[in-house]
file model38.cif (mmCIF, C-alpha atoms and all ligand atoms)
data_structure
#
loop_
_atom_site.group_PDB
_atom_site.id
_atom_site.type_symbol
_atom_site.label_atom_id
_atom_site.label_comp_id
_atom_site.auth_asym_id
_atom_site.auth_seq_id
_atom_site.Cartn_x
_atom_site.Cartn_y
_atom_site.Cartn_z
ATOM 1 C CA MET A 3 11.265 -111.952 -98.993
ATOM 2 C CA ALA A 4 14.777 -113.395 -98.801
ATOM 3 C CA SER A 5 17.550 -110.990 -97.828
ATOM 4 C CA THR A 6 20.618 -110.332 -99.969
ATOM 5 C CA TRP A 7 23.388 -108.791 -97.892
ATOM 6 C CA VAL A 8 26.567 -107.420 -99.437
ATOM 7 C CA VAL A 9 29.614 -106.918 -97.242
ATOM 8 C CA GLY A 10 32.454 -104.498 -97.957
ATOM 9 C CA ASP A 11 36.215 -105.124 -97.941
ATOM 10 C CA ILE A 12 37.037 -107.639 -95.160
ATOM 11 C CA HIS A 13 40.851 -107.840 -95.475
ATOM 12 C CA GLY A 14 41.369 -110.584 -92.893
ATOM 13 C CA CYS A 15 39.111 -109.055 -90.224
ATOM 14 C CA ALA A 16 37.561 -112.331 -89.053
ATOM 15 C CA VAL A 17 36.369 -111.122 -85.636
ATOM 16 C CA GLU A 18 34.370 -108.320 -87.176
ATOM 17 C CA LEU A 19 32.977 -110.589 -89.904
ATOM 18 C CA GLN A 20 31.744 -113.049 -87.267
ATOM 19 C CA GLN A 21 30.087 -110.207 -85.358
ATOM 20 C CA LEU A 22 28.475 -108.901 -88.548
ATOM 21 C CA LEU A 23 27.008 -112.335 -89.300
ATOM 22 C CA LYS A 24 25.606 -112.473 -85.781
ATOM 23 C CA GLU A 25 23.857 -109.151 -86.358
ATOM 24 C CA ILE A 26 22.438 -109.886 -89.803
ATOM 25 C CA ASP A 27 21.354 -113.407 -88.712
ATOM 26 C CA LEU A 28 21.070 -115.109 -92.133
ATOM 27 C CA GLN A 29 17.968 -117.276 -92.576
ATOM 28 C CA ASP A 30 17.378 -120.103 -95.080
ATOM 29 C CA GLY A 31 17.369 -118.611 -98.569
ATOM 30 C CA ASP A 32 19.285 -115.468 -97.539
ATOM 31 C CA MET A 33 22.660 -114.704 -99.115
ATOM 32 C CA LEU A 34 25.859 -112.966 -98.091
ATOM 33 C CA LEU A 35 27.837 -111.564 -101.024
ATOM 34 C CA SER A 36 31.272 -109.956 -100.876
ATOM 35 C CA VAL A 37 32.727 -107.179 -103.031
ATOM 36 C CA GLY A 38 36.137 -108.895 -102.731
ATOM 37 C CA ASP A 39 39.416 -108.171 -100.928
ATOM 38 C CA LEU A 40 38.802 -110.916 -98.355
ATOM 39 C CA PHE A 41 42.445 -111.307 -97.374
ATOM 40 C CA HIS A 42 45.686 -109.263 -97.177
ATOM 41 C CA ARG A 43 46.689 -106.540 -94.704
ATOM 42 C CA GLY A 44 44.444 -107.840 -91.900
ATOM 43 C CA PRO A 45 45.242 -110.275 -89.084
ATOM 44 C CA ASP A 46 43.334 -113.477 -89.824
ATOM 45 C CA PRO A 47 42.858 -114.590 -93.446
ATOM 46 C CA VAL A 48 42.272 -118.207 -92.412
ATOM 47 C CA GLY A 49 39.552 -117.172 -89.965
ATOM 48 C CA VAL A 50 37.805 -115.286 -92.773
ATOM 49 C CA LEU A 51 38.144 -118.312 -95.077
ATOM 50 C CA ARG A 52 36.620 -120.679 -92.486
ATOM 51 C CA ILE A 53 33.684 -118.381 -91.718
ATOM 52 C CA LEU A 54 32.838 -118.012 -95.398
ATOM 53 C CA GLN A 55 33.307 -121.729 -96.142
ATOM 54 C CA ASP A 56 30.830 -122.490 -93.345
ATOM 55 C CA LEU A 57 28.203 -120.423 -95.161
ATOM 56 C CA GLY A 58 28.322 -122.861 -98.088
ATOM 57 C CA LYS A 59 25.944 -121.897 -100.884
ATOM 58 C CA GLN A 60 24.741 -118.889 -98.887
ATOM 59 C CA PHE A 61 27.994 -117.106 -99.758
ATOM 60 C CA ASP A 62 29.256 -115.788 -103.069
ATOM 61 C CA MET A 63 31.598 -113.010 -104.128
ATOM 62 C CA VAL A 64 33.354 -111.123 -106.869
ATOM 63 C CA ASN A 65 37.128 -110.904 -106.739
ATOM 64 C CA GLY A 66 38.942 -107.709 -105.794
ATOM 65 C CA ASN A 67 42.363 -106.381 -106.709
ATOM 66 C CA HIS A 68 43.945 -108.434 -103.910
ATOM 67 C CA GLU A 69 42.386 -111.659 -105.242
ATOM 68 C CA LEU A 70 43.546 -110.726 -108.739
ATOM 69 C CA VAL A 71 47.133 -110.366 -107.482
ATOM 70 C CA LEU A 72 47.003 -113.609 -105.469
ATOM 71 C CA ALA A 73 45.534 -115.583 -108.367
ATOM 72 C CA GLN A 74 48.172 -114.188 -110.747
ATOM 73 C CA ARG A 75 50.988 -114.977 -108.309
ATOM 74 C CA ALA A 76 49.730 -118.533 -107.869
ATOM 75 C CA GLN A 77 49.483 -118.966 -111.609
ATOM 76 C CA VAL A 78 52.883 -117.498 -112.437
ATOM 77 C CA SER A 79 54.965 -119.067 -109.661
ATOM 78 C CA GLY A 80 52.895 -122.199 -109.053
ATOM 79 C CA ALA A 81 53.001 -121.490 -105.314
ATOM 80 C CA ILE A 82 52.542 -118.538 -103.025
ATOM 81 C CA ASP A 83 54.667 -117.544 -100.047
ATOM 82 C CA ILE A 84 53.963 -115.833 -96.764
ATOM 83 C CA GLU A 85 54.548 -112.388 -98.277
ATOM 84 C CA ASP A 86 51.853 -113.076 -100.866
ATOM 85 C CA LEU A 87 49.422 -113.941 -98.080
ATOM 86 C CA ARG A 88 50.414 -110.948 -95.991
ATOM 87 C CA GLY A 89 49.924 -108.554 -98.864
ATOM 88 C CA ASP A 90 51.253 -105.033 -98.754
ATOM 89 C CA GLY A 91 51.160 -103.074 -95.515
ATOM 90 C CA GLY A 92 53.243 -105.466 -93.393
ATOM 91 C CA ALA A 93 50.425 -107.080 -91.383
ATOM 92 C CA LYS A 94 51.443 -109.617 -88.724
ATOM 93 C CA ILE A 95 50.018 -112.987 -89.699
ATOM 94 C CA ASP A 96 50.843 -116.458 -88.442
ATOM 95 C CA GLU A 97 53.133 -118.565 -90.650
ATOM 96 C CA SER A 98 50.644 -121.432 -90.287
ATOM 97 C CA VAL A 99 48.582 -119.614 -92.919
ATOM 98 C CA LEU A 100 50.896 -121.237 -95.471
ATOM 99 C CA GLU A 101 49.401 -124.645 -94.613
ATOM 100 C CA VAL A 102 46.078 -123.538 -96.092
ATOM 101 C CA ALA A 103 47.487 -121.483 -98.958
ATOM 102 C CA ASN A 104 46.183 -123.874 -101.605
ATOM 103 C CA GLU A 105 42.753 -123.923 -100.023
ATOM 104 C CA LEU A 106 42.715 -120.156 -99.937
ATOM 105 C CA ILE A 107 43.702 -119.914 -103.602
ATOM 106 C CA ALA A 108 41.070 -122.505 -104.543
ATOM 107 C CA PHE A 109 38.410 -120.450 -102.759
ATOM 108 C CA ILE A 110 39.012 -117.422 -104.977
ATOM 109 C CA ALA A 111 39.935 -119.252 -108.196
ATOM 110 C CA GLU A 112 37.264 -119.260 -110.894
ATOM 111 C CA ARG A 113 35.350 -116.423 -109.225
ATOM 112 C CA ASP A 114 33.874 -113.741 -111.424
ATOM 113 C CA TYR A 115 34.787 -110.053 -111.339
ATOM 114 C CA VAL A 116 31.203 -108.950 -111.904
ATOM 115 C CA GLN A 117 27.819 -110.411 -110.997
ATOM 116 C CA ARG A 118 24.453 -109.263 -112.324
ATOM 117 C CA ARG A 119 21.254 -109.880 -110.363
ATOM 118 C CA PRO A 120 17.610 -108.748 -110.583
ATOM 119 C CA LEU A 121 16.486 -105.973 -108.233
ATOM 120 C CA ALA A 122 13.604 -106.707 -105.894
ATOM 121 C CA GLY A 123 12.274 -105.211 -102.698
ATOM 122 C CA PRO A 124 10.740 -102.036 -101.318
ATOM 123 C CA ALA A 125 13.773 -99.854 -102.054
ATOM 124 C CA TRP A 126 13.198 -100.302 -105.807
ATOM 125 C CA ALA A 127 9.533 -99.435 -106.258
ATOM 126 C CA GLY A 128 9.452 -96.657 -108.888
ATOM 127 C CA HIS A 129 13.215 -96.841 -109.486
ATOM 128 C CA PRO A 130 14.119 -97.182 -113.184
ATOM 129 C CA ALA A 131 16.780 -99.869 -112.585
ATOM 130 C CA THR A 132 15.720 -103.512 -112.870
ATOM 131 C CA GLU A 133 19.120 -105.102 -112.237
ATOM 132 C CA TRP A 134 22.097 -104.552 -109.989
ATOM 133 C CA LEU A 135 25.774 -105.309 -110.367
ATOM 134 C CA ILE A 136 28.395 -106.178 -107.811
ATOM 135 C CA VAL A 137 31.995 -105.282 -108.651
ATOM 136 C CA HIS A 138 35.045 -104.525 -106.533
ATOM 137 C CA GLY A 139 36.072 -101.166 -107.901
ATOM 138 C CA CYS A 140 34.087 -99.585 -110.709
ATOM 139 C CA VAL A 141 31.933 -99.780 -113.782
ATOM 140 C CA LEU A 142 32.764 -97.033 -116.243
ATOM 141 C CA PRO A 143 29.763 -95.022 -117.506
ATOM 142 C CA GLY A 144 28.833 -96.124 -121.029
ATOM 143 C CA LYS A 145 30.525 -99.517 -120.627
ATOM 144 C CA VAL A 146 28.935 -102.936 -120.194
ATOM 145 C CA ALA A 147 30.474 -104.365 -117.022
ATOM 146 C CA GLU A 148 30.858 -107.877 -118.438
ATOM 147 C CA GLU A 149 32.906 -106.477 -121.326
ATOM 148 C CA MET A 150 35.420 -104.764 -119.029
ATOM 149 C CA GLU A 151 38.723 -106.390 -118.052
ATOM 150 C CA PRO A 152 39.161 -107.657 -114.463
ATOM 151 C CA ARG A 153 42.033 -105.189 -113.952
ATOM 152 C CA GLN A 154 39.635 -102.319 -114.792
ATOM 153 C CA LEU A 155 36.748 -103.635 -112.690
ATOM 154 C CA VAL A 156 38.868 -103.843 -109.516
ATOM 155 C CA ARG A 157 40.181 -100.275 -109.749
ATOM 156 C CA LYS A 158 38.895 -96.876 -108.686
ATOM 157 C CA GLY A 159 37.817 -95.814 -112.172
ATOM 158 C CA ARG A 160 37.713 -92.284 -113.515
ATOM 159 C CA CYS A 161 35.707 -90.819 -116.393
ATOM 160 C CA GLN A 162 38.657 -89.892 -118.592
ATOM 161 C CA ASP A 163 36.537 -88.184 -121.236
ATOM 162 C CA LEU A 164 35.014 -85.681 -118.780
ATOM 163 C CA PRO A 165 36.661 -82.450 -117.591
ATOM 164 C CA GLY A 166 38.659 -83.024 -114.421
ATOM 165 C CA GLU A 167 38.326 -86.809 -114.840
ATOM 166 C CA PRO A 168 35.812 -87.323 -112.007
ATOM 167 C CA PHE A 169 35.439 -90.705 -110.326
ATOM 168 C CA TRP A 170 32.983 -93.056 -112.040
ATOM 169 C CA HIS A 171 30.506 -93.180 -109.157
ATOM 170 C CA GLU A 172 29.990 -89.416 -109.343
ATOM 171 C CA HIS A 173 28.539 -89.887 -112.825
ATOM 172 C CA TRP A 174 27.054 -93.380 -112.781
ATOM 173 C CA GLN A 175 23.325 -93.320 -113.514
ATOM 174 C CA GLY A 176 22.693 -96.869 -114.586
ATOM 175 C CA PRO A 177 21.188 -98.675 -116.288
ATOM 176 C CA GLU A 178 22.076 -100.855 -113.283
ATOM 177 C CA PHE A 179 22.444 -100.081 -109.587
ATOM 178 C CA VAL A 180 26.070 -100.877 -108.646
ATOM 179 C CA VAL A 181 27.406 -102.100 -105.310
ATOM 180 C CA PHE A 182 31.166 -101.859 -104.877
ATOM 181 C CA GLY A 183 34.062 -101.609 -102.428
ATOM 182 C CA HIS A 184 37.755 -100.733 -102.676
ATOM 183 C CA ALA A 185 37.617 -97.006 -101.844
ATOM 184 C CA GLN A 186 36.800 -95.553 -98.437
ATOM 185 C CA SER A 187 36.425 -92.144 -100.073
ATOM 186 C CA ALA A 188 33.416 -93.512 -102.022
ATOM 187 C CA ALA A 189 31.613 -95.195 -99.100
ATOM 188 C CA GLY A 190 27.854 -94.780 -98.810
ATOM 189 C CA PRO A 191 25.019 -94.209 -101.285
ATOM 190 C CA HIS A 192 25.470 -92.159 -104.450
ATOM 191 C CA VAL A 193 22.198 -90.602 -105.575
ATOM 192 C CA ASP A 194 20.947 -88.589 -108.546
ATOM 193 C CA ASP A 195 19.158 -85.207 -108.439
ATOM 194 C CA GLU A 196 15.902 -86.986 -107.631
ATOM 195 C CA GLY A 197 17.440 -88.812 -104.679
ATOM 196 C CA ARG A 198 17.538 -92.174 -106.435
ATOM 197 C CA ALA A 199 20.486 -94.392 -105.503
ATOM 198 C CA TRP A 200 22.625 -95.607 -108.420
ATOM 199 C CA ALA A 201 25.709 -96.836 -106.604
ATOM 200 C CA TYR A 202 26.652 -97.873 -103.077
ATOM 201 C CA GLY A 203 30.207 -97.944 -101.736
ATOM 202 C CA LEU A 204 30.859 -100.458 -98.948
ATOM 203 C CA ASP A 205 34.547 -100.077 -98.131
ATOM 204 C CA THR A 206 34.558 -98.483 -94.678
ATOM 205 C CA GLY A 207 38.151 -99.397 -93.817
ATOM 206 C CA CYS A 208 37.704 -102.067 -91.133
ATOM 207 C CA VAL A 209 41.335 -103.127 -91.529
ATOM 208 C CA TYR A 210 42.376 -99.524 -90.826
ATOM 209 C CA GLY A 211 40.427 -99.420 -87.558
ATOM 210 C CA ASN A 212 37.149 -98.015 -88.876
ATOM 211 C CA CYS A 213 34.276 -100.455 -89.416
ATOM 212 C CA LEU A 214 32.910 -103.331 -91.496
ATOM 213 C CA THR A 215 29.728 -102.495 -93.403
ATOM 214 C CA ALA A 216 26.991 -104.552 -95.050
ATOM 215 C CA VAL A 217 23.912 -103.360 -96.925
ATOM 216 C CA ARG A 218 20.732 -105.319 -97.630
ATOM 217 C CA ILE A 219 19.825 -104.795 -101.278
ATOM 218 C CA GLU A 220 16.072 -105.200 -100.875
ATOM 219 C CA ASP A 221 15.626 -102.195 -98.570
ATOM 220 C CA LEU A 222 19.126 -100.646 -98.329
ATOM 221 C CA VAL A 223 19.264 -101.254 -94.577
ATOM 222 C CA VAL A 224 22.866 -100.928 -93.365
ATOM 223 C CA VAL A 225 24.635 -102.832 -90.572
ATOM 224 C CA GLN A 226 28.059 -101.737 -89.320
ATOM 225 C CA VAL A 227 30.483 -103.391 -86.916
ATOM 226 C CA PRO A 228 33.329 -101.302 -85.480
ATOM 227 C CA ALA A 229 36.866 -102.637 -85.895
ATOM 228 C CA ALA A 230 37.965 -104.787 -82.963
ATOM 229 C CA HIS A 231 41.568 -103.622 -83.396
ATOM 230 C CA ASP A 232 43.406 -100.309 -83.907
HETATM 231 MN MN MN B 301 40.561 -103.157 -103.178
#

call {"tool": "encode", "arguments": {"input": "model38.cif", "output": "structure tokens", "more": "lines below"}}
Ligand SMILES: [Mn+2]
result
Amino acid sequence: MASTWVVGDIHGCAVELQQLLKEIDLQDGDMLLSVGDLFHRGPDPVGVLRILQDLGKQFDMVNGNHELVLAQRAQVSGAIDIEDLRGDGGAKIDESVLEVANELIAFIAERDYVQRRPLAGPAWAGHPATEWLIVHGCVLPGKVAEEMEPRQLVRKGRCQDLPGEPFWHEHWQGPEFVVFGHAQSAAGPHVDDEGRAWAYGLDTGCVYGNCLTAVRIEDLVVVQVPAAHD
């Protein structure tokens, strides 16, 4: 069976992404998917771009809030500057990044904010879900992901009609299994009373010195690479 790996928020951490790819060792027919937030804050956006371009059709992604901002900036101003590529947080990045700004924008342009795929593999025997979704931030319970706005999908959603407005992943029970990033506080599997996983958070804060995480959908095997920087 082919493997479908999903990697959490990369944020310019090219060294760790390269190490992760070494460990998961993609074979023909395998895929690497990203929950978005490829660039901004981290040291090497161009390195991340080159690694992912090299994967060709074996890579796909949904856009995150940082892609949404970059795409909007490019659309509104017609060009992006070094601050747009640095993102918030004041990361040190080389000015030469500007030379590939258009390429970087083209890589994220036209990407979706949600993808829907069929579930297959040993982790899903007896599980009621037949499909899974990949989004950056959330799917709100009761909503159809494809009918939500990008700005909602990339955020850390709350259930506003429930007491205390809990986060979406604390109440998500399908119909799809959801893989997402964006929030370190939501990292890991989220299971129901019967121990069935309904959501999986993959943002483990590599850019903040923690680690980069990927999960294989078919069996929920996890691979983590520690941050190579502080
Ligand atoms: Mn994010």

call {"tool": "resolve_selection", "arguments": {"input": "model38.cif", "expression": "the PyMOL selection byres (((chain A and resi 141) around 10) and not hetatm)", "output": "PyMOL selection string"}}
result
chain A and resi 116+135-140+142-148+150+154-160+170-171+174+176+178+180-182+201

call {"tool": "closest_residue", "arguments": {"input": "model38.cif", "among": "A:Asp83, A:Glu69, A:Asp96, A:Asp195", "to": "Ala111 in chain A", "atoms": "only C-alpha atoms"}}
result
A:Glu69

call {"tool": "resolve_selection", "arguments": {"input": "model38.cif", "expression": "the PyMOL selection byres (((chain A and resi 101) around 12) and not hetatm)", "output": "compact mmCIF listing (two decimals) with C-alpha atoms, in the frame of the given file"}}
result
# COMPACT_ATOMS: atom_id res chain seq x y z
CA VAL A 48 42.27 -118.21 -92.41
CA ALA A 81 53.00 -121.49 -105.31
CA ILE A 82 52.54 -118.54 -103.02
CA ASP A 83 54.67 -117.54 -100.05
CA ILE A 84 53.96 -115.83 -96.76
CA LEU A 87 49.42 -113.94 -98.08
CA ASP A 96 50.84 -116.46 -88.44
CA GLU A 97 53.13 -118.56 -90.65
CA SER A 98 50.64 -121.43 -90.29
CA VAL A 99 48.58 -119.61 -92.92
CA LEU A 100 50.90 -121.24 -95.47
CA VAL A 102 46.08 -123.54 -96.09
CA ALA A 103 47.49 -121.48 -98.96
CA ASN A 104 46.18 -123.87 -101.60
CA GLU A 105 42.75 -123.92 -100.02
CA LEU A 106 42.72 -120.16 -99.94
CA ILE A 107 43.70 -119.91 -103.60

call {"tool": "residues_near_ligand", "arguments": {"input": "model38.cif", "ligand": "ligand MN 301 (chain B)", "cutoff": "12 Å", "atoms": "all atoms listed in the file", "output": "ChimeraX atom specification"}}
result
/A:10-13,36-43,64-71,89-90,137-140,153-159,182-186,203-207,209

call {"tool": "resolve_selection", "arguments": {"input": "model38.cif", "expression": "the PyMOL selection byres (((chain A and resi 49) around 10) and not hetatm)", "output": "PDB file with C-alpha atoms, in the frame of the given file"}}
result
ATOM      1  CA  GLY A  14      41.369-110.584 -92.893  1.00  0.00           C
ATOM      2  CA  CYS A  15      39.111-109.055 -90.224  1.00  0.00           C
ATOM      3  CA  ALA A  16      37.561-112.331 -89.053  1.00  0.00           C
ATOM      4  CA  VAL A  17      36.369-111.122 -85.636  1.00  0.00           C
ATOM      5  CA  LEU A  19      32.977-110.589 -89.904  1.00  0.00           C
ATOM      6  CA  GLN A  20      31.744-113.049 -87.267  1.00  0.00           C
ATOM      7  CA  PHE A  41      42.445-111.307 -97.374  1.00  0.00           C
ATOM      8  CA  PRO A  45      45.242-110.275 -89.084  1.00  0.00           C
ATOM      9  CA  ASP A  46      43.334-113.477 -89.824  1.00  0.00           C
ATOM     10  CA  PRO A  47      42.858-114.590 -93.446  1.00  0.00           C
ATOM     11  CA  VAL A  48      42.272-118.207 -92.412  1.00  0.00           C
ATOM     12  CA  VAL A  50      37.805-115.286 -92.773  1.00  0.00           C
ATOM     13  CA  LEU A  51      38.144-118.312 -95.077  1.00  0.00           C
ATOM     14  CA  ARG A  52      36.620-120.679 -92.486  1.00  0.00           C
ATOM     15  CA  ILE A  53      33.684-118.381 -91.718  1.00  0.00           C
ATOM     16  CA  LEU A  54      32.838-118.012 -95.398  1.00  0.00           C
ATOM     17  CA  GLN A  55      33.307-121.729 -96.142  1.00  0.00           C
ATOM     18  CA  VAL A  99      48.582-119.614 -92.919  1.00  0.00           C
TER      19      VAL A  99
END

call {"tool": "residues_around", "arguments": {"input": "model38.cif", "residues": "Leu35 in chain A", "least_positions_apart": "2", "cutoff": "7 Å", "atoms": "all atoms listed in the file", "output": "list in words"}}
result
Trp7, Val8, Val9, Met33, Val37, Phe61, Asp62 and Met63 of chain A

call {"tool": "closest_residue", "arguments": {"input": "model38.cif", "among": "A:Thr6, A:Ala93, A:Gln74, A:Thr132", "to": "Ile110 in chain A", "atoms": "all atoms listed in the file"}}
result
A:Gln74

call {"tool": "residues_around", "arguments": {"input": "model38.cif", "residues": "Pro177 in chain A", "least_positions_apart": "5", "cutoff": "8 Å", "atoms": "all atoms listed in the file", "output": "ChimeraX atom specification"}}
result
/A:130-131,133

call {"tool": "atom_distance", "arguments": {"input": "model38.cif", "atom1": "CA of Val227 in chain A", "atom2": "CA of Cys213 in chain A"}}
result
5.4 Å

call {"tool": "atom_distance", "arguments": {"input": "model38.cif", "atom1": "CA of Val223 in chain A", "atom2": "CA of Pro124 in chain A"}}
result
10.9 Å

call {"tool": "decode", "arguments": {"input": "model38.cif", "residues": "range 138-158 of chain A", "atoms": "C-alpha atoms", "output": "compact mmCIF listing (two decimals), in the first residue's frame"}}
result
# COMPACT_ATOMS: atom_id res chain seq x y z
CA HIS A 138 -4.60 24.31 8.09
CA GLY A 139 -6.64 25.38 11.08
CA CYS A 140 -10.10 23.96 11.61
CA VAL A 141 -13.35 22.55 10.35
CA LEU A 142 -16.28 23.72 12.44
CA PRO A 143 -18.61 20.94 13.66
CA GLY A 144 -21.79 20.88 11.57
CA LYS A 145 -20.13 22.67 8.64
CA VAL A 146 -19.07 21.25 5.28
CA ALA A 147 -15.39 22.15 4.93
CA GLU A 148 -15.65 23.06 1.25
CA GLU A 149 -18.37 25.60 2.09
CA MET A 150 -16.21 27.43 4.64
CA GLU A 151 -14.20 30.54 3.75
CA PRO A 152 -10.38 30.26 3.53
CA ARG A 153 -10.04 32.78 6.38
CA GLN A 154 -12.10 30.44 8.61
CA LEU A 155 -10.31 27.26 7.54
CA VAL A 156 -6.86 28.64 8.44
CA ARG A 157 -7.84 29.73 11.96
CA LYS A 158 -8.04 28.02 15.33
